[in-house]
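Notes for the one structure printed next.
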Amino acid sequence: MGYLFRGFLTKSAPAAEAAARRWPFCEAKRVENQMEGFIVRSPSEDDLHPTDGDDAYERVIEQFTEVSEGLESLSAEFPGEVFVYIEVRCFGGTCINTGLHVLDGRTVASFEDGPDEADLTEILRPMGVSFGEDQYFEPFTRGYFERDRLQAWGRSGDATEASAP
């Protein structure tokens, strides 16, 4: 079984709130354990039920594309704030990480997969993430976002409360 994450990180609460308004289909959470900041998760194909059709698949593709292509525009609204867009694809214990650093409305660094692939620590460096020896970052683990949805359902029946910044 694999794991897929698409989204971005920021240290700015106002930027995370603006992202949640701009892209209401995303989940935003405050991260306090390994960094001080926010993580915004785009929908992915992993969110789909096996019976969902092509329309649902296309909608998810459009949504994460909207976020990745709109990050420079969002960044321009928050001068001096660094945004780190990242895609994490894991299968069988091997992860491939790609991403971007966006500042003042433009991409200032790009990280692709391949022979010169940057490791997770390099991609997330601007966020000041505290890693252990295994490069473990809790928000990139299965269930990190799902736990909040389940807790919110148990409290109010509304899953959006737990994911707001």
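Each chain in the structure tokens gets a letter, A, B, ..., in the order shown, and its residues are numbered from 1; ligands are numbered from 1 in order too.
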
Please run DSSP on the backbone and report, as a ChimeraX atom specification, all residues within segment 87-141 of chain A that come out as helix (DSSP H, G or I).
/A:120-127,138-140

Would you export the selected residues with N, CA and C atoms as a compact mmCIF listing (two decimals), in the first residue's frame, please?
# COMPACT_ATOMS: atom_id res chain seq x y z
N LEU A 120 14.28 15.03 2.01
CA LEU A 120 13.19 15.73 2.66
C LEU A 120 13.68 16.90 3.50
N THR A 121 14.81 16.73 4.18
CA THR A 121 15.33 17.81 5.03
C THR A 121 15.66 19.05 4.21
N GLU A 122 16.19 18.86 3.01
CA GLU A 122 16.54 20.00 2.15
C GLU A 122 15.28 20.72 1.66
N ILE A 123 14.27 19.96 1.26
CA ILE A 123 13.05 20.59 0.76
C ILE A 123 12.36 21.38 1.88
N LEU A 124 12.34 20.84 3.08
CA LEU A 124 11.63 21.48 4.19
C LEU A 124 12.51 22.43 5.02
N ARG A 125 13.75 22.63 4.64
CA ARG A 125 14.68 23.47 5.40
C ARG A 125 14.10 24.84 5.78
N PRO A 126 13.43 25.57 4.88
CA PRO A 126 12.90 26.89 5.27
C PRO A 126 11.86 26.85 6.38
N MET A 127 11.28 25.70 6.63
CA MET A 127 10.25 25.59 7.66
C MET A 127 10.84 25.28 9.04
N GLU A 138 5.85 13.83 11.05
CA GLU A 138 4.52 13.29 11.35
C GLU A 138 3.44 13.66 10.34
N PRO A 139 3.36 14.90 9.83
CA PRO A 139 2.30 15.20 8.87
C PRO A 139 2.35 14.39 7.57
N PHE A 140 3.46 13.75 7.30
CA PHE A 140 3.58 12.92 6.10
C PHE A 140 3.39 11.45 6.43

Which is closer to Arg142 of chain A than all the others in A:Leu4, A:Ala19, A:Ile96, A:Asp119, using only C-alpha atoms?
A:Leu4

From a DSSP calculation on the backbone, collect every residue of chain A in strand (DSSP E or B) and output the set as number ranges by chain.
A: 2-10, 27-31, 37-41, 82-91, 94-103, 106-111

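Here the question is which of A:Glu146, A:Val84, A:Glu72, A:Gly93 gets nearest to Arg106 of chain A using only C-alpha atoms, and that residue is A:Glu72.
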
Within 10 Å of Arg89 of chain A, counting only C-alpha atoms, which residues show up once you throw out same-chain ones fewer than 6 positions away? Write them as a ChimeraX atom specification, please.
/A:2-6,95-98,140

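Minimum atom-to-atom distance to Cys90 of chain A, evaluated using only C-alpha atoms, belongs to A:Asp46 out of A:Asp46, A:Arg30, A:Gly128, A:Met35.
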
Nearest residue to Thr10 of chain A from the set A:Ala109, A:Val102, A:Val88, A:Ala76 (distances using only C-alpha atoms):
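With only C-alpha atoms as the atom set, the closest residue is A:Val102.
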
Interatomic distance, atom CA of Phe83 of chain A to atom CA of Tyr57 of chain A (Å, one decimal):
26.6 Å

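By only C-alpha atoms, and with residues fewer than 4 positions from Gln63 of chain A along its chain excluded, the set lying at most 7 Å from it is Pro43, Arg59 and Val67 of chain A.
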
As a check of understanding: the span from atom CA of Asn33 of chain A to atom CA of Ser12 of chain A is 16.1 Å

Counting only C-alpha atoms, which of A:His101, A:Pro115, A:Phe145, A:Lys11 gets nearest to Arg41 of chain A?
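Distance minimum relative to Arg41 of chain A lands on A:Phe145.
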
Considering only C-alpha atoms, return as a list in words whatever protein or nucleic-acid residues lie within 9 Å of Gly80 of chain A, sequence-local ones (same chain, fewer than 3 positions apart) excluded.
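Counting only C-alpha atoms, the residues come to Ser75, Ala76, Leu103 and Asp104 of chain A.
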
Near-segment 20-26 of chain A list (12 Å; only C-alpha atoms; drop same-chain fewer than 5 positions) as number ranges by chain
A: 5-8, 13-15, 38-44, 47, 59-60, 62-68, 70-71, 73-74, 145, 159-161, 163-165
